[in-house]
Amino acid sequence: MRETTLTVNGKTHTVDVDPATPLLYVLRNDLGLRGPRFGCGLAQCGTCTVLMDGRPIRSCILPVSRTRGEITTLEGLPEDGKLHPVQQAWIDEQVPQCGFCQNGQILTAAAMLDTNSNPSDEEIRRGMSPILCRCMTYFRIQSAVKRAAAAMAETEVDR
Amino acid sequence: MSGGRDVNAIDRALGRWEGTASRRDFLKSSGLFVFGLSALGAAAEGLAAQPAADGPYPDPDFLQLDSWLVVHEDGSATFYVGKTDGGQGTGTATRQMMCDELDIAFDRATVVMGRTDLTVDQGGSGGSDAIERDAMVGRHIAAEARRVLLEMASERFGVPVEELRVSEGVISLLSDPSRTVTYGELIGGRRFDVALTGANINQTAGVASIKPVQDLKLVGQSIPRYDIPAKVDGSFEWAVDVNLPGMVHARNVRPPFAGATLTGVDESSVSGMPGFLRLVREGNYVAVVCEREEQAIEAAEGLAVTWEKPATAPFPASYDLFDYLRSAEPEPNQGGRWAAEVEGDPDAALASAATVVEAAYDVPFQGHTAIGPAHALADPSDGQMTIYTNDMKPYSHRTGIAEFLGMPPERVRVIWMEGPQLYGRTAADDAGFEAAYLAKELGRPVRVQWMRHEETAWDTKGPAFAIDLRGGLDADGNLVALDYQGRIANYAHVGYNQARTVLIAQLMGLRPERPAPGGAGGPDAMYHVPNRREETRAVRLPLVFETPLRTGNLRDPNGPQITFAAESFVDELAAAADADPVEFRLRLLRRATDDDEIFRRARSIAVVEAAAKAYGWDARPSPARVGSGRLLTGRGIAYAYRARTTVAVIAEVEVDRETGEVRVPRMVCAHDCGLVINPDGLENTIQGNLLHGISRTLYEEVRFDTEKVTSIDWRSHPTLTHRDAPERIDVVVVNGDPNPDRPDLRPYGAGEPSHKPVPAAIANAVHDATGVRMRRLPLRPERVLAELQAAGI
C-alpha cells in the first residue's frame, strides 16, 4: 500500500492502495464513480474507458501509480451543469439499449471530436471500432456522433 | 432524481420500516400506507409494500390491486411490474400502456421492476413476452384503478360515472367542468383494497375493460426512454455499482480442464497476501475472498491448486463436433412440444418427386459473451439474504438460491438491477448463487464478479446443431415434400435458476435428479407443405455436468440455428425450381387457404411483400451472374415468426473474393408485431436484433479442444464492431391484420423475432453473390474463401 494522488473530474484525491492497482478499481471502489465499468480487464472492449488529459485510455490495465495529469470520467464530461454535446446527442438519438458499454462509446466519441471536429463516416467507424457493444447499438452511435459534431460546429459558429 | 437508484437510500429507508408492521397488517388496516419517500426515487417509493414481521419478504399478492399500482398524494403513480428490462425499453413501454389506461401523463408515473419483495411474480424476462403478455395485464390493472377512481368521484359528486370525464388524473363533471377532483385527492397515499380475479397472474384483471386502440394517446408515441439520461451522464446505478458497508470481494478459481477434479489447494500460497480473508472450497468449487477487489483478483491468480484431468475426454474438439453430432446415438425424443411432427407421407412423396434436394447445415455453440461478466452482491444481514443482481428472472433466482442455501424463500429477496444485456444468460445467473453462498459462509456482504476468460469460457451456450434436410419438388417446381432431421447438443440444458443446475452447485457435486433431456422444435414457418416431417433429437456429450459447454437460452433460443438451415434450404429449393426466392416463399405461404386466430398467414405474406418492396427487389432466380470485380454483391431474404410476430429480413452483402470477407452494407426488416407501443424503441430493438444476428452469422463460435474451451476473450471469440455495422438499415413496420384498425389490436413480441432470420438472409445473399452455398456458421473469411476457391470463383 502506498499513497497515490490523482486528479479526477477536477478534484484531487489521495488513496492508499497497492500502486499496481488498476485505475479502474480505484475510481469505482475508492472514489465511488459509476461511469467506468469492468468489461474484460484486457484492454479489449473499452467499457472501462476514461480520459487522461483528454485522451481515451483503458483504466482496467493502467496501474494507478502511472496515472498522469487530469482524469475525466463520464461523470466529469458535463460542463457548467450542461451535458456534453455528445451526451446530449446520445439522448436525442436514444442510443443505448442496456447501456453498459456506453461510457466507453461516449468518452471515445468526445475525444475523437476534440481532435477531429468533422469526421467522415469512415473516420467514425475506425475511431469508434475499438469500443465494443454487445447490444450492437453501433448504428445509432454513429448517427449520434454525427449529430454531436453538427451541434458542436453550430456552437462554434455562435461563439 | 434521475433514473438511477440509490440503494443506500433504499436501505436507510428500509431501516425505518423493517419489523415495524407486516404487509398483511397494511392490507388489514385502512390507514396510510404510502410514506413520504418520493424523494428517494422510484424504487424507494416501493417501500409501501414493505416487509412482514412473521415472514420478512412475503410474495406480493397478485389478486390485490394495491400490489400493482399505488397513487400518491400528489396524484403521481407507481407501477409495480414483475418484469426486467434488458435494454429494449420494456419499462418505458409498460409505463406508456399503464398511464394510458389510468389516464395520467407519462411523466407522472414511475415503474418499479423485478424486486421479489415489492413486485408481483410475473416471472421476470423471457420469450419476448413483456409487452405481448405482461404489459397487457398491466393495462387491465390500470383500467381497473381508473374505474374505481371514477366510482369514488361519482360518490363524491353524487352523479353517475357517465357524467364524469377524466383527463390526466383530474376528474371533472361534464355538466360543470369547474368542479374537479384529482386522483391524489381521492386516494393519494391510501390503498384501493380492491380484489382482482384471474386463474393465474397472466389472466389477472378487474371489472373494467381496457380502452379501444383508438382511445390510446401515449401508446404509439416515441416517448424517450426514462432510463437513458442517467445511463448517459454516469449517475445510473447498476447491479455492479452497489456498495454496502463491510462488503468484501470474491473471485472464483475455475478448473483448467473441463471435468477436472480438485486434488489439492495450498492456502499458504495466498494467505499472506494483503487483504486476504478466506479460501472457500467445496468439491470442485474454489473461491478466494479479500478485502479489496484487486486483491481478490490477485489471490485467485496466485492460488496454488492442483487438478486431475478426467479419465475420458469431456467433449470432442470443436472441429470434430458435427461429425460427432451426426454419428452419435441421439437421446430418445421426449415428445411433448418437441415431438416429431409428420404430415402426409414425406418418404413416398420424396420417392416420387421430380427433383430431390438434399443439404446438411452446421451451427456451432455460440456464447452469450455479455459485455460485462457475471456479477452479484449478496447481503446476509439480519438472518435474511438479499441479492443484488441483474438476473432477468429474479423470482426463480430467489427460490433457487433459497433451496441452494436451505433457507425459507420468504427470508430471501432478490433485487434486480440493470446489467450488461440479458438475452438468456441471466436466466440462470451463476454469480448470485455464488455471492449468496459466500455471504452465508463469511457472514458479511460479498460481491462476486467473474473475469473475462471465465465468462467467455464458462457462460451458458446457445446449443450447436447439425441439421439434415431433404426436399422434393414436382415437375412444376412446387414443394411437395420436406424432411427435416435435426441434432441438437442441449442435453442437460441449464434451465432457469434451478438450485442444482447452476455452475457452483454442479462443481460442488450437486446434481439434478435427472438432466434435462434436451430437444428442440423444427422450423415453424407458415409454409404449406403437403408432406412434411420435422424431428430433432438431442445428442449427449460425454461430460454432462460441470461443463463449460452447458447450454442455456440464447436470444430467440434455437431460432437462428433452425432458421439458418430451414430458410437457406428454402432458397436451395427455389434455386432448384429456378424460381425467385421471394416469389417461391409467397407461393408456399399462399398455398394454404386457412389462417389462425392471429392471422399469421396473412401477416407472413404481408411482411415478405413489404420487405421486397422496401428493398426494391427485382424478381429473378438466385444466384445472380457472378461479377468480375473483387467485391461480389448479392441479396438474400429470409422469413420467420416468433412470439406471434412475423418478420422478413433482406440482407445485401459484399463478398471479397480475395479474402473471403463478407460485409453487410444494407439490411431491410419488415416486422409485424401488431400494435406498436413505442415506434422508436421498436426500431432500436430491431436494429440490435439485426446486428446481433450479423455478429452470430459472421464471427461468433465457441472453440474448444478435447480438454477445455479455447475461445476465452474478444480476440478468440470475436464480435461485430463499429466497422462491420451496416451503413443502412430500413425497418418497415407492417400491420398485416385483415382488419388493421381493429379496436382490440394487440401488441406481439418484438424482443427477439427479427434476430431469427438474419443468418439465413445473409447466407442466401452470399449464395446470390457468388453461387456458393455456405452451410456452416459462422461465415468466417477462411471458410468462405475455401468454398469460393473450391467453386473456382
# chains A, B, ... in the order shown; residues from 1 in each chain; ligands from 1
call {"tool": "closest_atom_pairs", "arguments": {"of": "chain A", "to": "chain B", "cutoff": "7 Å", "atoms": "only C-alpha atoms", "output": "tab-separated table"}}
result
residue	atom	partner	partner_atom	distance
A:Thr21	CA	B:Glu294	CA	6.4
A:Tyr25	CA	B:Glu294	CA	7.0
A:Arg34	CA	B:Gly234	CA	6.0
A:Gly35	CA	B:Gly234	CA	4.8
A:Phe38	CA	B:Gly372	CA	6.4
A:Gly39	CA	B:Gly372	CA	4.5
A:Cys40	CA	B:Arg452	CA	4.8
A:Gln44	CA	B:Trp714	CA	6.5
A:Leu74	CA	B:Gly234	CA	5.5
A:Glu75	CA	B:Gly234	CA	5.0
A:Gln87	CA	B:Val232	CA	5.9
A:Ile91	CA	B:Pro229	CA	6.3
A:Gln94	CA	B:Pro224	CA	6.9
A:Pro96	CA	B:Ile228	CA	6.7
A:Gln97	CA	B:Gly87	CA	4.0
A:Cys98	CA	B:Gly87	CA	3.8
A:Gly99	CA	B:Lys231	CA	6.2
A:Phe100	CA	B:Pro420	CA	5.3
A:Arg125	CA	B:Arg723	CA	5.0
A:Arg126	CA	B:Arg723	CA	6.3
A:Met128	CA	B:His722	CA	6.3
A:Ser129	CA	B:His722	CA	4.7
A:Leu132	CA	B:Thr721	CA	6.0
A:Cys133	CA	B:Ile371	CA	6.8
A:Arg134	CA	B:Ile371	CA	5.8
A:Cys135	CA	B:Gly688	CA	5.7
A:Met136	CA	B:Gly688	CA	5.2
A:Thr137	CA	B:Gly688	CA	6.0
A:Tyr138	CA	B:His722	CA	5.6
A:Phe139	CA	B:Ala725	CA	6.5
call {"tool": "write_last_selection", "arguments": {"atoms": "N, CA and C atoms", "output": "PDB file, in the first residue's frame"}}
result
ATOM      1  N   THR A  21      -2.388  -1.361  -8.488  1.00  0.00           N
ATOM      2  CA  THR A  21      -3.840  -1.494  -8.664  1.00  0.00           C
ATOM      3  C   THR A  21      -4.298  -0.784  -9.935  1.00  0.00           C
ATOM      4  N   TYR A  25     -10.298   0.146 -10.490  1.00  0.00           N
ATOM      5  CA  TYR A  25     -10.805  -0.236  -9.166  1.00  0.00           C
ATOM      6  C   TYR A  25     -10.740   0.928  -8.193  1.00  0.00           C
ATOM      7  N   ARG A  34     -19.294   5.645 -11.128  1.00  0.00           N
ATOM      8  CA  ARG A  34     -20.027   4.560 -11.784  1.00  0.00           C
ATOM      9  C   ARG A  34     -19.812   4.527 -13.291  1.00  0.00           C
ATOM     10  N   GLY A  35     -19.223   5.583 -13.844  1.00  0.00           N
ATOM     11  CA  GLY A  35     -19.083   5.637 -15.306  1.00  0.00           C
ATOM     12  C   GLY A  35     -18.232   4.517 -15.858  1.00  0.00           C
ATOM     13  N   PHE A  38     -16.054  -2.512 -15.455  1.00  0.00           N
ATOM     14  CA  PHE A  38     -15.219  -3.641 -15.858  1.00  0.00           C
ATOM     15  C   PHE A  38     -15.905  -4.413 -16.989  1.00  0.00           C
ATOM     16  N   GLY A  39     -15.160  -4.613 -18.079  1.00  0.00           N
ATOM     17  CA  GLY A  39     -15.691  -5.445 -19.159  1.00  0.00           C
ATOM     18  C   GLY A  39     -14.821  -6.652 -19.417  1.00  0.00           C
ATOM     19  N   CYS A  40     -13.510  -6.422 -19.487  1.00  0.00           N
ATOM     20  CA  CYS A  40     -12.630  -7.544 -19.820  1.00  0.00           C
ATOM     21  C   CYS A  40     -11.333  -7.561 -19.026  1.00  0.00           C
ATOM     22  N   GLN A  44      -9.489  -4.840 -24.179  1.00  0.00           N
ATOM     23  CA  GLN A  44     -10.024  -5.273 -25.474  1.00  0.00           C
ATOM     24  C   GLN A  44     -11.388  -4.663 -25.809  1.00  0.00           C
ATOM     25  N   LEU A  74     -17.001   9.692 -17.201  1.00  0.00           N
ATOM     26  CA  LEU A  74     -18.289  10.073 -17.782  1.00  0.00           C
ATOM     27  C   LEU A  74     -18.982  11.134 -16.939  1.00  0.00           C
ATOM     28  N   GLU A  75     -18.855  10.996 -15.612  1.00  0.00           N
ATOM     29  CA  GLU A  75     -19.497  11.945 -14.712  1.00  0.00           C
ATOM     30  C   GLU A  75     -18.905  13.345 -14.840  1.00  0.00           C
ATOM     31  N   GLN A  87     -23.048  13.652 -25.066  1.00  0.00           N
ATOM     32  CA  GLN A  87     -24.053  13.052 -24.174  1.00  0.00           C
ATOM     33  C   GLN A  87     -25.466  13.426 -24.620  1.00  0.00           C
ATOM     34  N   ILE A  91     -28.761  11.096 -26.012  1.00  0.00           N
ATOM     35  CA  ILE A  91     -30.166  11.117 -25.582  1.00  0.00           C
ATOM     36  C   ILE A  91     -31.069  11.392 -26.780  1.00  0.00           C
ATOM     37  N   GLN A  94     -31.439   8.478 -28.761  1.00  0.00           N
ATOM     38  CA  GLN A  94     -31.883   7.304 -27.982  1.00  0.00           C
ATOM     39  C   GLN A  94     -30.990   6.102 -28.285  1.00  0.00           C
ATOM     40  N   PRO A  96     -28.645   4.133 -26.269  1.00  0.00           N
ATOM     41  CA  PRO A  96     -28.366   2.913 -25.500  1.00  0.00           C
ATOM     42  C   PRO A  96     -29.474   1.875 -25.567  1.00  0.00           C
ATOM     43  N   GLN A  97     -29.064   0.631 -25.452  1.00  0.00           N
ATOM     44  CA  GLN A  97     -30.025  -0.397 -25.065  1.00  0.00           C
ATOM     45  C   GLN A  97     -29.702  -0.701 -23.603  1.00  0.00           C
ATOM     46  N   CYS A  98     -28.935  -1.763 -23.315  1.00  0.00           N
ATOM     47  CA  CYS A  98     -28.618  -1.945 -21.895  1.00  0.00           C
ATOM     48  C   CYS A  98     -27.772  -0.788 -21.381  1.00  0.00           C
ATOM     49  N   GLY A  99     -26.889  -0.268 -22.224  1.00  0.00           N
ATOM     50  CA  GLY A  99     -26.130   0.923 -21.863  1.00  0.00           C
ATOM     51  C   GLY A  99     -24.808   0.664 -21.169  1.00  0.00           C
ATOM     52  N   PHE A 100     -24.486  -0.601 -20.926  1.00  0.00           N
ATOM     53  CA  PHE A 100     -23.314  -0.926 -20.107  1.00  0.00           C
ATOM     54  C   PHE A 100     -22.016  -0.433 -20.734  1.00  0.00           C
ATOM     55  N   ARG A 125     -16.187   5.228 -38.032  1.00  0.00           N
ATOM     56  CA  ARG A 125     -16.145   3.766 -37.883  1.00  0.00           C
ATOM     57  C   ARG A 125     -14.788   3.311 -37.347  1.00  0.00           C
ATOM     58  N   ARG A 126     -13.749   3.903 -37.906  1.00  0.00           N
ATOM     59  CA  ARG A 126     -12.405   3.495 -37.497  1.00  0.00           C
ATOM     60  C   ARG A 126     -12.125   3.956 -36.067  1.00  0.00           C
ATOM     61  N   MET A 128     -14.182   4.648 -33.662  1.00  0.00           N
ATOM     62  CA  MET A 128     -15.017   4.032 -32.629  1.00  0.00           C
ATOM     63  C   MET A 128     -14.826   2.518 -32.538  1.00  0.00           C
ATOM     64  N   SER A 129     -14.185   1.925 -33.538  1.00  0.00           N
ATOM     65  CA  SER A 129     -14.172   0.451 -33.619  1.00  0.00           C
ATOM     66  C   SER A 129     -13.519  -0.242 -32.417  1.00  0.00           C
ATOM     67  N   LEU A 132     -16.434  -1.967 -28.012  1.00  0.00           N
ATOM     68  CA  LEU A 132     -17.405  -2.999 -28.370  1.00  0.00           C
ATOM     69  C   LEU A 132     -18.756  -2.748 -27.701  1.00  0.00           C
ATOM     70  N   CYS A 133     -19.812  -3.166 -28.380  1.00  0.00           N
ATOM     71  CA  CYS A 133     -21.166  -3.103 -27.825  1.00  0.00           C
ATOM     72  C   CYS A 133     -21.866  -4.405 -28.163  1.00  0.00           C
ATOM     73  N   ARG A 134     -22.318  -5.124 -27.133  1.00  0.00           N
ATOM     74  CA  ARG A 134     -22.958  -6.412 -27.408  1.00  0.00           C
ATOM     75  C   ARG A 134     -24.462  -6.283 -27.624  1.00  0.00           C
ATOM     76  N   CYS A 135     -25.037  -5.100 -27.340  1.00  0.00           N
ATOM     77  CA  CYS A 135     -26.406  -4.862 -27.798  1.00  0.00           C
ATOM     78  C   CYS A 135     -26.376  -4.375 -29.234  1.00  0.00           C
ATOM     79  N   MET A 136     -25.180  -4.106 -29.731  1.00  0.00           N
ATOM     80  CA  MET A 136     -24.985  -3.729 -31.135  1.00  0.00           C
ATOM     81  C   MET A 136     -25.717  -2.435 -31.472  1.00  0.00           C
ATOM     82  N   THR A 137     -25.455  -1.403 -30.662  1.00  0.00           N
ATOM     83  CA  THR A 137     -26.078  -0.104 -30.940  1.00  0.00           C
ATOM     84  C   THR A 137     -25.218   0.745 -31.874  1.00  0.00           C
ATOM     85  N   TYR A 138     -24.317   0.091 -32.589  1.00  0.00           N
ATOM     86  CA  TYR A 138     -23.361   0.814 -33.439  1.00  0.00           C
ATOM     87  C   TYR A 138     -24.040   1.785 -34.403  1.00  0.00           C
ATOM     88  N   PHE A 139     -25.122   1.355 -34.974  1.00  0.00           N
ATOM     89  CA  PHE A 139     -25.788   2.160 -35.991  1.00  0.00           C
ATOM     90  C   PHE A 139     -26.204   3.512 -35.409  1.00  0.00           C
TER      91      PHE A 139
END
call {"tool": "residues_around", "arguments": {"residues": "Leu107 (chain A)", "least_positions_apart": "2", "cutoff": "8 Å", "atoms": "only C-alpha atoms", "output": "MDAnalysis selection string"}}
result
chainID A and resid 49:51 56 73:74 103:105 109:111
call {"tool": "residues_around", "arguments": {"residues": "Val702 (chain B)", "least_positions_apart": "6", "cutoff": "6 Å", "atoms": "only C-alpha atoms", "output": "PDB file with N, CA and C atoms, in the first residue's frame"}}
result
ATOM      1  N   PHE B 365     -21.691 -24.151 -31.230  1.00  0.00           N
ATOM      2  CA  PHE B 365     -22.050 -23.465 -29.989  1.00  0.00           C
ATOM      3  C   PHE B 365     -21.689 -21.993 -30.144  1.00  0.00           C
ATOM      4  N   GLN B 366     -22.564 -21.144 -29.641  1.00  0.00           N
ATOM      5  CA  GLN B 366     -22.251 -19.715 -29.606  1.00  0.00           C
ATOM      6  C   GLN B 366     -22.472 -19.226 -28.186  1.00  0.00           C
ATOM      7  N   SER B 711     -11.764 -20.467 -26.753  1.00  0.00           N
ATOM      8  CA  SER B 711     -12.158 -19.086 -27.078  1.00  0.00           C
ATOM      9  C   SER B 711     -12.526 -18.414 -25.762  1.00  0.00           C
TER      10      SER B 711
END
